[in-house]
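J.: The structure under discussion is supplied below as structure tokens; questions concerning it will follow.
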Amino acid sequence: MRKHSVSIAGHRTSITLEDAFMDALRQMAAERGIAVAALIAEIDSAQATPGNLSSAIRVAVLDWALNRHVSASGETSKD
């Protein structure tokens, strides 16, 4: 686990993420052609109930990874 400082909407905050989640977050941002800080700001603003940003990032990374797996395997969502 490592702490990372980011600036969101003009204020500094820190998140604590495992290296694997930070690497995936960087890959997500690169695929979308946006900065990591911009992606974090999107994740933060999408939270229905403001809470733990690090947890919200982990959930977003998991969702992204699962959707990539489903797309790559040709599976369809069961929802």
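By order of appearance in the structure tokens: chains A, B, ..., then residues from 1 within every chain, and ligands from 1 in the order shown.
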Taking the backbone alone, and naming residues the way the document does, which bits of chain A are alpha helix (DSSP H) by DSSP, as JSON, numbers by chain?
T.: {"A": [19, 20, 21, 22, 23, 24, 25, 26, 27, 28, 29, 30, 31, 32, 36, 37, 38, 39, 40, 41, 42, 43, 44, 45, 46, 53, 54, 55, 56, 57, 58, 59, 60, 61, 62, 63, 64, 65, 66, 67, 68, 69, 70, 71, 72, 73]}
J.: Within 9 Å of Met28 in chain A, counting only C-alpha atoms, which residues qualify if same-chain residues fewer than 6 places away don't, as a list in words?
T.: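 So the residues in contact are Ile34, Val36, Leu39, Val61 and Trp64 of chain A.
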J.: Using only C-alpha atoms, can you tell me which of A:Glu42, A:Thr16, A:Met1, A:Ala30 comes closest to Ser54 in chain A?
T.: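 Among the listed residues, A:Thr16 lies closest to Ser54 in chain A.
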J.: One decimal, in Å: what's the spacing between CA of Ile15 in chain A and CA of His69 in chain A?
T.: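 About the pair CA of Ile15 in chain A and CA of His69 in chain A: they are 26.1 Å apart.
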J.: Neighbours of range 43-53 of chain A within 12 Å (only C-alpha atoms; same-chain residues fewer than 4 positions away dropped), as a PyMOL selection string?
T.: chain A and resi 4+6-9+13-17+25+28-29+36-39+57-61+63-64
J.: When you draw a straight line from CA of Glu18 in chain A to CA of Arg2 in chain A, how long is it in Å?
T.: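 Straight-line distance from CA of Glu18 in chain A to CA of Arg2 in chain A works out to 6.2 Å.
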J.: When DSSP works through the backbone of this structure, what residues of range 3-54 of chain A end up as strand (DSSP E), shown as an MDAnalysis selection string?
T.: chainID A and resid 3:8 11:17
J.: Export, as a CSV table (one decimal), in the first residue's frame, the selected residues with all heavy atoms.
T.:
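Final file, out_32.csv:
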chain,number,residue,atom,x,y,z
A,3,LYS,N,0.7,5.7,-0.3
A,3,LYS,CA,-0.1,6.9,-0.4
A,3,LYS,C,0.3,7.7,-1.6
A,3,LYS,O,1.5,7.7,-2.0
A,3,LYS,CB,0.2,7.8,0.8
A,3,LYS,CG,-0.5,7.3,2.1
A,3,LYS,CD,-0.5,8.4,3.1
A,3,LYS,CE,-1.2,7.9,4.3
A,3,LYS,NZ,-2.5,8.5,4.5
A,4,HIS,N,-0.7,8.2,-2.3
A,4,HIS,CA,-0.5,9.1,-3.5
A,4,HIS,C,-1.3,10.4,-3.3
A,4,HIS,O,-2.4,10.4,-2.9
A,4,HIS,CB,-1.1,8.4,-4.7
A,4,HIS,CG,-0.5,7.0,-4.9
A,4,HIS,ND1,0.6,6.8,-5.7
A,4,HIS,CD2,-0.9,5.8,-4.5
A,4,HIS,CE1,0.9,5.5,-5.7
A,4,HIS,NE2,0.0,4.9,-5.0
A,5,SER,N,-0.6,11.5,-3.6
A,5,SER,CA,-1.3,12.8,-3.4
A,5,SER,C,-1.8,13.2,-4.8
A,5,SER,O,-1.1,13.0,-5.8
A,5,SER,CB,-0.3,13.8,-3.0
A,5,SER,OG,0.1,13.6,-1.6
A,6,VAL,N,-3.0,13.6,-4.8
A,6,VAL,CA,-3.7,14.1,-6.1
A,6,VAL,C,-4.4,15.4,-5.8
A,6,VAL,O,-4.8,15.7,-4.6
A,6,VAL,CB,-4.7,13.1,-6.6
A,6,VAL,CG1,-3.9,11.8,-7.1
A,6,VAL,CG2,-5.7,12.7,-5.7
A,7,SER,N,-4.6,16.1,-6.8
A,7,SER,CA,-5.4,17.4,-6.7
A,7,SER,C,-6.7,17.2,-7.4
A,7,SER,O,-6.8,16.8,-8.6
A,7,SER,CB,-4.6,18.5,-7.3
A,7,SER,OG,-5.3,19.7,-7.1
A,8,ILE,N,-7.8,17.3,-6.7
A,8,ILE,CA,-9.2,17.2,-7.2
A,8,ILE,C,-9.9,18.5,-7.0
A,8,ILE,O,-10.1,18.9,-5.8
A,8,ILE,CB,-9.9,16.0,-6.5
A,8,ILE,CG1,-9.1,14.7,-6.7
A,8,ILE,CG2,-11.3,15.9,-7.0
A,8,ILE,CD1,-9.7,13.5,-6.0
A,11,HIS,N,-8.3,21.0,-4.8
A,11,HIS,CA,-7.8,20.8,-3.4
A,11,HIS,C,-7.0,19.4,-3.4
A,11,HIS,O,-7.3,18.5,-4.1
A,11,HIS,CB,-8.9,20.7,-2.4
A,11,HIS,CG,-9.8,19.5,-2.4
A,11,HIS,ND1,-10.5,19.1,-3.6
A,11,HIS,CD2,-10.1,18.6,-1.5
A,11,HIS,CE1,-11.2,18.0,-3.3
A,11,HIS,NE2,-11.0,17.7,-2.1
A,12,ARG,N,-6.0,19.4,-2.6
A,12,ARG,CA,-5.1,18.3,-2.5
A,12,ARG,C,-5.7,17.2,-1.5
A,12,ARG,O,-6.3,17.6,-0.5
A,12,ARG,CB,-3.7,18.7,-2.0
A,12,ARG,CG,-2.9,19.7,-2.8
A,12,ARG,CD,-2.4,19.1,-4.1
A,12,ARG,NE,-1.3,18.2,-3.8
A,12,ARG,CZ,-0.8,17.4,-4.8
A,12,ARG,NH1,-1.3,17.5,-6.0
A,12,ARG,NH2,0.2,16.6,-4.6
A,13,THR,N,-5.6,16.0,-1.9
A,13,THR,CA,-6.0,14.9,-1.1
A,13,THR,C,-5.1,13.7,-1.3
A,13,THR,O,-4.3,13.8,-2.3
A,13,THR,CB,-7.5,14.5,-1.4
A,13,THR,OG1,-7.9,13.6,-0.4
A,13,THR,CG2,-7.6,13.9,-2.7
A,14,SER,N,-5.1,12.8,-0.4
A,14,SER,CA,-4.3,11.6,-0.6
A,14,SER,C,-5.1,10.4,-0.6
A,14,SER,O,-6.2,10.3,0.0
A,14,SER,CB,-3.2,11.5,0.5
A,14,SER,OG,-3.8,11.3,1.7
A,15,ILE,N,-4.7,9.4,-1.4
A,15,ILE,CA,-5.4,8.1,-1.5
A,15,ILE,C,-4.3,7.1,-1.2
A,15,ILE,O,-3.1,7.3,-1.4
A,15,ILE,CB,-6.0,7.9,-2.9
A,15,ILE,CG1,-4.9,8.0,-4.0
A,15,ILE,CG2,-7.1,8.8,-3.2
A,15,ILE,CD1,-5.3,7.6,-5.4
A,16,THR,N,-4.8,6.0,-0.6
A,16,THR,CA,-3.9,4.9,-0.3
A,16,THR,C,-4.4,3.7,-1.1
A,16,THR,O,-5.5,3.2,-1.0
A,16,THR,CB,-3.9,4.5,1.2
A,16,THR,OG1,-3.6,5.7,1.9
A,16,THR,CG2,-2.9,3.4,1.5
A,17,LEU,N,-3.5,3.2,-2.0
A,17,LEU,CA,-3.8,2.1,-2.9
A,17,LEU,C,-2.7,1.1,-3.0
A,17,LEU,O,-1.5,1.5,-3.0
A,17,LEU,CB,-4.1,2.6,-4.3
A,17,LEU,CG,-5.4,3.4,-4.6
A,17,LEU,CD1,-5.4,4.0,-6.0
A,17,LEU,CD2,-6.6,2.6,-4.3
J.: Have a look at A:Arg68, A:Ser55, A:Gly10, A:Gly74 and name the one nearest to Glu31 in chain A; count only C-alpha atoms.
T.: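 Of A:Arg68, A:Ser55, A:Gly10, A:Gly74, the one nearest Glu31 in chain A is A:Arg68, counting only C-alpha atoms.
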J.: Record the distance separating CA of Ala56 in chain A and CA of Ala72 in chain A, expressed in Å with one decimal.
T.: 24.2 Å
